[in-house]
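Here is model.txt, consisting of compact mmCIF, C-alpha atoms and all ligand atoms:
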```txt
# COMPACT_ATOMS: atom_id res chain seq x y z
CA MET F 1 -4.02 11.72 18.71
CA THR F 2 -2.72 8.23 19.48
CA LEU F 3 -5.32 5.96 21.03
CA ARG F 4 -5.39 2.33 22.06
CA ILE F 5 -7.77 -0.52 21.56
CA PRO F 6 -7.80 -2.23 24.97
CA ALA F 7 -5.45 -5.27 24.95
CA ALA F 8 -4.31 -4.66 21.35
CA PRO F 9 -0.52 -4.49 20.90
CA TYR F 10 -0.64 -1.73 18.31
CA ALA F 11 -1.53 1.93 18.42
CA VAL F 12 -4.13 3.69 16.30
CA GLN F 13 -3.23 7.25 15.42
CA VAL F 14 -6.40 9.19 14.70
CA GLU F 15 -6.31 12.48 12.81
CA THR F 16 -9.14 14.81 11.95
CA ASP F 17 -9.24 14.22 8.20
CA GLU F 18 -7.36 12.64 5.29
CA ASP F 19 -5.05 15.63 4.85
CA ALA F 20 -3.99 15.47 8.49
CA VAL F 21 -3.44 11.71 8.10
CA ALA F 22 -1.28 12.38 5.04
CA GLU F 23 0.80 14.92 6.94
CA ALA F 24 1.36 12.34 9.68
CA VAL F 25 2.30 9.55 7.25
CA ALA F 26 4.72 11.54 5.07
CA PRO F 27 7.56 11.93 7.63
CA ARG F 28 7.48 8.18 8.31
CA LEU F 29 7.96 7.51 4.60
CA LEU F 30 10.81 10.02 4.47
CA GLU F 31 12.52 8.32 7.37
CA ALA F 32 12.05 4.87 5.80
CA LEU F 33 13.59 6.06 2.53
CA GLY F 34 16.83 6.61 4.41
CA GLU F 35 17.03 2.99 5.56
CA SER F 36 18.88 0.14 3.92
CA ARG F 37 15.78 -1.95 3.26
CA PRO F 38 13.40 -0.77 0.53
CA LEU F 39 10.14 1.03 1.19
CA GLY F 40 6.91 -0.75 0.28
CA LEU F 41 4.44 1.53 -1.49
CA ALA F 42 0.75 1.29 -2.28
CA THR F 43 -1.70 2.87 -4.70
CA GLY F 44 -5.34 3.88 -4.33
CA ARG F 45 -7.15 7.13 -3.62
CA THR F 46 -6.09 6.99 0.03
CA MET F 47 -2.49 7.48 -1.06
CA GLU F 48 -3.05 10.55 -3.25
CA PRO F 49 -2.88 13.08 -0.37
CA VAL F 50 -0.11 10.98 1.23
CA TYR F 51 2.10 11.27 -1.86
CA ALA F 52 1.25 14.97 -2.21
CA ALA F 53 2.41 15.49 1.40
CA LEU F 54 5.55 13.44 0.72
CA ARG F 55 6.36 15.57 -2.36
CA ARG F 56 5.97 18.74 -0.27
CA ARG F 57 8.25 17.37 2.45
CA ILE F 58 10.90 16.39 -0.09
CA ALA F 59 10.66 19.81 -1.79
CA GLY F 60 11.28 21.41 1.60
CA LEU F 61 14.51 19.50 2.27
CA PRO F 62 17.85 21.28 1.91
CA GLY F 63 19.30 20.68 -1.58
CA LEU F 64 22.00 18.19 -0.67
CA GLU F 65 19.75 16.20 1.65
CA ARG F 66 17.14 16.03 -1.11
CA GLN F 67 19.67 14.84 -3.67
CA VAL F 68 20.97 12.12 -1.38
CA LEU F 69 17.47 10.94 -0.56
CA LEU F 70 16.40 10.76 -4.20
CA ALA F 71 19.65 9.09 -5.26
CA GLN F 72 19.18 6.30 -2.72
CA TRP F 73 15.45 5.85 -3.35
CA ARG F 74 14.45 2.20 -3.49
CA SER F 75 10.81 1.16 -3.35
CA PHE F 76 8.63 -1.76 -4.35
CA ASN F 77 4.95 -1.25 -5.02
CA LEU F 78 2.48 -3.86 -3.92
CA ASP F 79 0.72 -4.64 -7.14
CA GLU F 80 -0.12 -4.08 -10.81
CA TYR F 81 -2.88 -5.09 -13.21
CA VAL F 82 -2.04 -7.89 -15.62
CA GLY F 83 -1.98 -6.58 -19.19
CA LEU F 84 -1.40 -2.90 -18.37
CA GLY F 85 1.81 -0.95 -18.87
CA PRO F 86 2.81 2.61 -18.01
CA GLU F 87 1.15 4.02 -21.15
CA HIS F 88 -2.27 3.04 -19.72
CA PRO F 89 -3.52 5.75 -17.32
CA GLY F 90 -5.27 3.13 -15.17
CA SER F 91 -2.06 1.19 -14.54
CA PHE F 92 -0.38 1.51 -11.18
CA SER F 93 2.92 2.19 -12.94
CA ALA F 94 1.33 5.26 -14.58
CA THR F 95 -0.19 6.28 -11.24
CA MET F 96 3.17 6.06 -9.49
CA ALA F 97 4.98 7.87 -12.30
CA LEU F 98 2.51 10.75 -11.97
CA ALA F 99 2.50 10.78 -8.17
CA LEU F 100 6.22 10.39 -7.51
CA GLY F 101 8.42 9.30 -10.40
CA GLU F 102 8.01 12.35 -12.65
CA PRO F 103 7.61 15.12 -10.05
CA LEU F 104 10.64 13.87 -8.13
CA ASP F 105 12.59 12.99 -11.29
CA LEU F 106 13.42 9.55 -9.92
CA VAL F 107 15.91 7.43 -11.84
CA PRO F 108 13.96 4.75 -13.78
CA GLY F 109 14.00 1.44 -11.98
CA ARG F 110 14.12 2.94 -8.48
CA LEU F 111 10.32 2.93 -8.20
CA GLN F 112 9.67 -0.74 -8.83
CA LEU F 113 6.38 -2.42 -9.66
CA PRO F 114 5.45 -5.81 -11.07
CA ASP F 115 5.55 -5.75 -14.89
CA GLY F 116 1.89 -6.01 -15.89
CA GLN F 117 2.87 -6.60 -19.49
CA ALA F 118 5.14 -9.57 -18.88
CA ASP F 119 4.41 -12.45 -21.28
CA ASP F 120 4.15 -14.87 -18.37
CA PRO F 121 2.45 -13.15 -15.38
CA GLU F 122 3.06 -16.13 -13.07
CA ALA F 123 6.77 -16.04 -13.83
CA GLU F 124 6.75 -12.26 -13.33
CA ALA F 125 5.11 -12.66 -9.93
CA HIS F 126 7.82 -15.13 -8.98
CA ARG F 127 10.54 -12.77 -10.24
CA TYR F 128 9.06 -9.85 -8.32
CA GLY F 129 8.73 -11.77 -5.05
CA THR F 130 12.32 -12.97 -5.47
CA ALA F 131 13.51 -9.40 -6.10
CA VAL F 132 11.87 -8.22 -2.85
CA ALA F 133 13.49 -11.08 -0.94
CA ALA F 134 16.88 -10.37 -2.57
CA ALA F 135 16.60 -6.75 -1.37
CA GLY F 136 16.33 -8.08 2.18
CA GLY F 137 12.54 -7.76 2.33
CA ILE F 138 10.57 -4.58 2.87
CA GLY F 139 11.53 -2.15 5.65
CA LEU F 140 8.35 -0.11 6.07
CA GLN F 141 5.29 -1.40 4.21
CA LEU F 142 2.64 1.24 3.49
CA LEU F 143 -0.83 -0.27 3.08
CA GLY F 144 -4.32 0.90 2.22
CA LEU F 145 -7.43 -1.11 2.98
CA GLY F 146 -9.69 -2.50 0.27
CA SER F 147 -13.43 -2.14 0.85
CA ASN F 148 -13.62 -5.96 0.94
CA GLY F 149 -10.74 -6.22 3.42
CA HIS F 150 -7.97 -6.81 0.91
CA VAL F 151 -4.44 -5.52 1.30
CA GLY F 152 -2.44 -5.11 -1.89
CA PHE F 153 -4.61 -7.25 -4.13
CA ASN F 154 -4.84 -10.14 -1.68
CA GLU F 155 -8.48 -10.89 -2.20
CA PRO F 156 -10.54 -12.88 0.27
CA PRO F 157 -10.32 -15.76 0.93
CA CYS F 158 -6.61 -15.37 1.66
CA GLY F 159 -4.42 -16.92 4.33
CA ALA F 160 -1.51 -15.33 6.17
CA GLN F 161 1.22 -16.92 4.07
CA ALA F 162 0.09 -16.32 0.49
CA PRO F 163 3.15 -15.60 -1.68
CA CYS F 164 3.60 -13.00 -4.41
CA ARG F 165 1.37 -14.26 -7.20
CA CYS F 166 -0.97 -13.63 -10.10
CA LEU F 167 -4.66 -13.83 -9.15
CA GLU F 168 -8.24 -13.06 -10.21
CA LEU F 169 -9.74 -9.83 -8.89
CA SER F 170 -13.16 -9.94 -7.23
CA ASP F 171 -16.17 -8.11 -8.63
CA ALA F 172 -16.13 -5.92 -5.51
CA THR F 173 -12.56 -4.80 -6.20
CA ARG F 174 -13.19 -4.16 -9.89
CA LEU F 175 -16.17 -2.03 -8.87
CA GLN F 176 -14.11 -0.19 -6.22
CA ASN F 177 -11.39 0.62 -8.74
CA ALA F 178 -13.65 1.44 -11.72
CA ALA F 179 -13.16 5.21 -11.39
CA ALA F 180 -9.72 4.92 -13.00
CA PHE F 181 -11.33 3.09 -15.94
CA GLY F 182 -14.06 5.52 -16.94
CA GLY F 183 -16.37 4.22 -14.22
CA ASP F 184 -16.79 0.84 -15.95
CA PRO F 185 -16.00 -2.18 -13.71
CA GLN F 186 -15.79 -4.37 -16.81
CA ALA F 187 -12.92 -2.21 -18.07
CA VAL F 188 -10.89 -2.99 -14.94
CA PRO F 189 -8.50 -5.84 -15.78
CA PRO F 190 -9.69 -9.13 -14.30
CA ARG F 191 -6.26 -10.19 -13.06
CA ALA F 192 -3.38 -8.66 -11.13
CA ILE F 193 0.03 -9.46 -9.70
CA THR F 194 0.36 -8.72 -5.99
CA LEU F 195 2.87 -9.13 -3.22
CA GLY F 196 1.33 -11.71 -0.91
CA THR F 197 0.41 -11.60 2.73
CA ALA F 198 3.69 -13.50 3.23
CA GLU F 199 5.86 -10.63 1.93
CA ILE F 200 3.67 -8.01 3.64
CA LEU F 201 3.86 -9.72 7.03
CA ALA F 202 7.62 -10.21 6.57
CA ALA F 203 8.13 -6.43 6.39
CA ASP F 204 9.94 -4.95 9.35
CA ARG F 205 7.10 -2.47 10.00
CA VAL F 206 3.59 -2.11 8.63
CA LEU F 207 1.73 1.19 8.34
CA LEU F 208 -1.96 0.75 7.56
CA VAL F 209 -3.62 3.97 6.39
CA VAL F 210 -7.40 4.17 6.29
CA THR F 211 -9.60 7.18 5.60
CA GLY F 212 -13.31 7.75 5.13
CA GLY F 213 -16.39 6.48 6.91
CA ALA F 214 -17.08 3.89 4.20
CA LYS F 215 -14.19 1.82 5.55
CA ALA F 216 -15.02 2.15 9.26
CA GLU F 217 -16.77 -1.21 9.57
CA MET F 218 -14.10 -3.06 7.55
CA LEU F 219 -11.36 -1.47 9.69
CA ARG F 220 -13.21 -2.62 12.81
CA ARG F 221 -13.42 -6.18 11.45
CA ALA F 222 -9.75 -6.14 10.42
CA LEU F 223 -8.55 -5.02 13.85
CA LEU F 224 -11.05 -6.55 16.25
CA GLU F 225 -12.39 -9.80 14.83
CA PRO F 226 -10.31 -12.97 15.06
CA PRO F 227 -7.97 -13.10 12.02
CA SER F 228 -9.59 -14.99 9.16
CA VAL F 229 -9.25 -15.68 5.46
CA GLU F 230 -12.40 -13.62 4.88
CA VAL F 231 -10.63 -10.38 5.87
CA PRO F 232 -7.03 -10.56 4.60
CA ALA F 233 -6.15 -7.33 6.45
CA SER F 234 -6.97 -9.09 9.74
CA TRP F 235 -3.67 -11.03 9.48
CA LEU F 236 -1.94 -7.73 10.23
CA GLN F 237 -3.00 -8.18 13.85
CA GLY F 238 -0.20 -10.72 14.09
CA HIS F 239 2.49 -8.28 12.97
CA PRO F 240 4.74 -7.18 15.85
CA ARG F 241 5.21 -3.63 14.56
CA LEU F 242 1.88 -2.53 13.11
CA THR F 243 0.80 1.11 13.18
CA VAL F 244 -2.65 2.16 12.06
CA MET F 245 -3.28 5.73 10.95
CA ALA F 246 -6.88 6.69 10.34
CA ASP F 247 -9.04 9.74 10.11
CA ALA F 248 -11.86 10.20 12.60
CA ALA F 249 -14.44 8.85 10.14
CA ALA F 250 -12.55 5.62 9.45
CA ALA F 251 -11.85 5.13 13.17
CA SER F 252 -15.47 5.75 14.18
CA ALA F 253 -16.33 2.06 14.74
CA LEU F 254 -13.29 1.35 16.94
CA PRO F 255 -13.57 1.20 20.75
CA LEU F 256 -10.64 3.56 21.32
CA SER F 257 -9.62 5.04 24.62
C1 LIG R 1 -6.63 -1.09 -4.35
C2 LIG R 1 -5.15 -1.45 -4.15
C3 LIG R 1 -4.84 -1.49 -2.71
C4 LIG R 1 -5.47 -0.27 -2.06
C5 LIG R 1 -6.95 -0.47 -1.97
C6 LIG R 1 -7.69 0.74 -1.44
O1 LIG R 1 -7.30 -2.01 -5.08
N1 LIG R 1 -4.73 -2.68 -4.77
O2 LIG R 1 -3.44 -1.52 -2.53
O3 LIG R 1 -4.98 -0.09 -0.77
O4 LIG R 1 -7.45 -0.97 -3.17
O5 LIG R 1 -7.93 1.67 -2.42
P1 LIG R 1 -8.49 3.13 -2.13
O6 LIG R 1 -7.43 3.82 -1.36
O7 LIG R 1 -8.71 3.72 -3.48
O8 LIG R 1 -9.73 2.97 -1.34
```

Mind turning the file's structure into structure tokens?
Amino acid sequence: MTLRIPAAPYAVQVETDEDAVAEAVAPRLLEALGESRPLGLATGRTMEPVYAALRRRIAGLPGLERQVLLAQWRSFNLDEYVGLGPEHPGSFSATMALALGEPLDLVPGRLQLPDGQADDPEAEAHRYGTAVAAAGGIGLQLLGLGSNGHVGFNEPPCGAQAPCRCLELSDATRLQNAAAFGGDPQAVPPRAITLGTAEILAADRVLLVVTGGAKAEMLRRALLEPPSVEVPASWLQGHPRLTVMADAAAASALPLS
């Protein structure tokens, strides 16, 4: 069901649960994959059912349509841990290979991420941001919401025009992401490369996907409080083509009508 926050320029699509959200997100990703500008992808537990739904949709396409889609695939992920490569199961490159690259047999290089193992992470961040710009910027940017209000790895405090860069992760984020590292926050790399709020806000369209009651209050702050450096996701309010998709639990603190 699509609902509105009074006076807000964007719609919030509310679905019963995370699987229903995933089913609603997947066709939008499929459509974006057919466009000239690359698709912006995200990682995180929120995206697991989304990518499962996308795989099912792609498997259901007629053969030729599927081949064309996969041959023209071009995506840029938001972020990667500094120091990790695809052989580390906690890396986002390994996550994406498992979720999409291997099951869809994508040609290497089509599913792009920052190189976490680059000798010079700052230079790699610059290269990656330049590559996104050279591709014409992102068409549709898929985003999850960090429990501390981050998008990508843009940790608070973060302004609206932060560029692609290498940065320190907060304790809150390392704790949030510890599950992929044996439950140990100290095992989560302390630094990451992320597309900035600048590249995210420059995308043609932004699709923010939020599930679970634990994020309800942060989603409310992101959408309803005045944009601020303390909640990086709040800068999305200024994007002219923002869509929010949430399950009922994540949307429970929003004054929707
Ligand atoms: C991670 C990623 C974000 C993601 C967010 C939410 O740290 N860098 O891109 O959206 O945190 O993660 P989850 O979906 O697991 O809650």

Select the residues contacting ligand LIG 1 (chain R) at a distance of at most 7 Å, based on only C-alpha atoms and all ligand atoms, then format the selection as a PDB file with C-alpha atoms, in the frame of the given file.
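This is the output file out_15.pdb:
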```pdb
ATOM      1  CA  ALA F  42       0.750   1.290  -2.280  1.00  0.00           C
ATOM      2  CA  THR F  43      -1.700   2.870  -4.700  1.00  0.00           C
ATOM      3  CA  GLY F  44      -5.340   3.880  -4.330  1.00  0.00           C
ATOM      4  CA  ARG F  45      -7.150   7.130  -3.620  1.00  0.00           C
ATOM      5  CA  THR F  46      -6.090   6.990   0.030  1.00  0.00           C
ATOM      6  CA  MET F  47      -2.490   7.480  -1.060  1.00  0.00           C
ATOM      7  CA  LEU F  78       2.480  -3.860  -3.920  1.00  0.00           C
ATOM      8  CA  ASP F  79       0.720  -4.640  -7.140  1.00  0.00           C
ATOM      9  CA  LEU F 143      -0.830  -0.270   3.080  1.00  0.00           C
ATOM     10  CA  GLY F 144      -4.320   0.900   2.220  1.00  0.00           C
ATOM     11  CA  LEU F 145      -7.430  -1.110   2.980  1.00  0.00           C
ATOM     12  CA  GLY F 146      -9.690  -2.500   0.270  1.00  0.00           C
ATOM     13  CA  SER F 147     -13.430  -2.140   0.850  1.00  0.00           C
ATOM     14  CA  VAL F 151      -4.440  -5.520   1.300  1.00  0.00           C
ATOM     15  CA  GLY F 152      -2.440  -5.110  -1.890  1.00  0.00           C
ATOM     16  CA  PHE F 153      -4.610  -7.250  -4.130  1.00  0.00           C
ATOM     17  CA  THR F 173     -12.560  -4.800  -6.200  1.00  0.00           C
ATOM     18  CA  ASN F 177     -11.390   0.620  -8.740  1.00  0.00           C
TER      19      ASN F 177
END
```

Please identify every residue of segment 93-211 of chain F that has at least one atom no farther than 10 Å from an atom of segment 18-21 of chain F, counting all atoms listed in the file, and for each give the shortest atom pair and the distance in Å to one decimal, arranged by chain then increasing number, as a Markdown table.
```
| residue | atom | partner | partner_atom | distance |
| --- | --- | --- | --- | --- |
| F:Val209 | CA | F:Val21 | CA | 7.9 |
| F:Val210 | CA | F:Glu18 | CA | 8.5 |
| F:Thr211 | CA | F:Glu18 | CA | 5.9 |
```

Seminar exercise, completed: Separating atom CA of Gly63 of chain F from atom CA of Leu104 of chain F, to the nearest tenth of an Å, is a gap of 12.8 Å

For this session: Excluding segment 190-195 of chain F and residues on its chain fewer than 5 positions from it, collect all residues at most 10 Å away from it, counting all atoms listed in the file, and give them as a ChimeraX atom specification.
Result: /F:40,76-84,113-116,121-122,124-126,128-129,132,151-155,162-171,173-174,185,200

Grab all the atoms of segment 121-133 of chain F that the file lists, wrap them in a box along x, y and z, add 8 Å per side, and give me centre plus edge lengths in Å (one decimal) as JSON.
```
{"center_x": 8.0, "center_y": -12.2, "center_z": -8.2, "size_x": 27.1, "size_y": 23.9, "size_z": 30.4}
```

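Minimum atom-to-atom distances from F:Leu201, F:Leu64, F:Ala135, F:Ala222 to Ser36 of chain F were compared using all atoms listed in the file, and the lowest value belongs to F:Ala135.
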
Excluding Ala160 of chain F and any residue of its chain fewer than 2 positions from it, enumerate the residues within 12 Å of it, using only C-alpha atoms, and give them as a short mmCIF file (atom, residue, chain, number, x, y, z; two decimals) with C-alpha atoms, in the frame of the given file.
```cif
data_model
loop_
_atom_site.label_atom_id
_atom_site.label_comp_id
_atom_site.auth_asym_id
_atom_site.auth_seq_id
_atom_site.Cartn_x
_atom_site.Cartn_y
_atom_site.Cartn_z
CA HIS F 150 -7.97 -6.81 0.91
CA VAL F 151 -4.44 -5.52 1.30
CA ASN F 154 -4.84 -10.14 -1.68
CA GLU F 155 -8.48 -10.89 -2.20
CA PRO F 156 -10.54 -12.88 0.27
CA PRO F 157 -10.32 -15.76 0.93
CA CYS F 158 -6.61 -15.37 1.66
CA ALA F 162 0.09 -16.32 0.49
CA PRO F 163 3.15 -15.60 -1.68
CA CYS F 164 3.60 -13.00 -4.41
CA GLY F 196 1.33 -11.71 -0.91
CA THR F 197 0.41 -11.60 2.73
CA ALA F 198 3.69 -13.50 3.23
CA GLU F 199 5.86 -10.63 1.93
CA ILE F 200 3.67 -8.01 3.64
CA LEU F 201 3.86 -9.72 7.03
CA ALA F 202 7.62 -10.21 6.57
CA PRO F 227 -7.97 -13.10 12.02
CA SER F 228 -9.59 -14.99 9.16
CA VAL F 229 -9.25 -15.68 5.46
CA GLU F 230 -12.40 -13.62 4.88
CA VAL F 231 -10.63 -10.38 5.87
CA PRO F 232 -7.03 -10.56 4.60
CA ALA F 233 -6.15 -7.33 6.45
CA SER F 234 -6.97 -9.09 9.74
CA TRP F 235 -3.67 -11.03 9.48
CA LEU F 236 -1.94 -7.73 10.23
CA GLN F 237 -3.00 -8.18 13.85
CA GLY F 238 -0.20 -10.72 14.09
CA HIS F 239 2.49 -8.28 12.97
#
```

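Atom CA of Leu54 of chain F sits 19.4 Å away from atom CA of Gly109 of chain F.
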
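Distances from F:Pro189, F:Ala133, F:Leu30, F:Leu39 to Gly85 of chain F were compared using only C-alpha atoms, and the smallest one belongs to F:Pro189.
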
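In this model, the gap between atom CA of Asp119 of chain F and atom CA of Met96 of chain F comes to 22.0 Å.
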
Exercise: Pro27 of chain F partners within 9 Å, only C-alpha atoms, chain neighbours under 5 positions left out, as a CSV table (one decimal) with C-alpha atoms, in the coordinates of the input:
```
chain,number,residue,atom,x,y,z
F,32,ALA,CA,12.0,4.9,5.8
F,53,ALA,CA,2.4,15.5,1.4
F,54,LEU,CA,5.6,13.4,0.7
F,57,ARG,CA,8.2,17.4,2.4
```

Exercise. List as a ChimeraX atom specification: which residues have an atom within 9 Å of (-13.7, -2.6, 8.5), counting all atoms listed in the file?
Worked result: /F:145,147-149,214-223,231,250,253
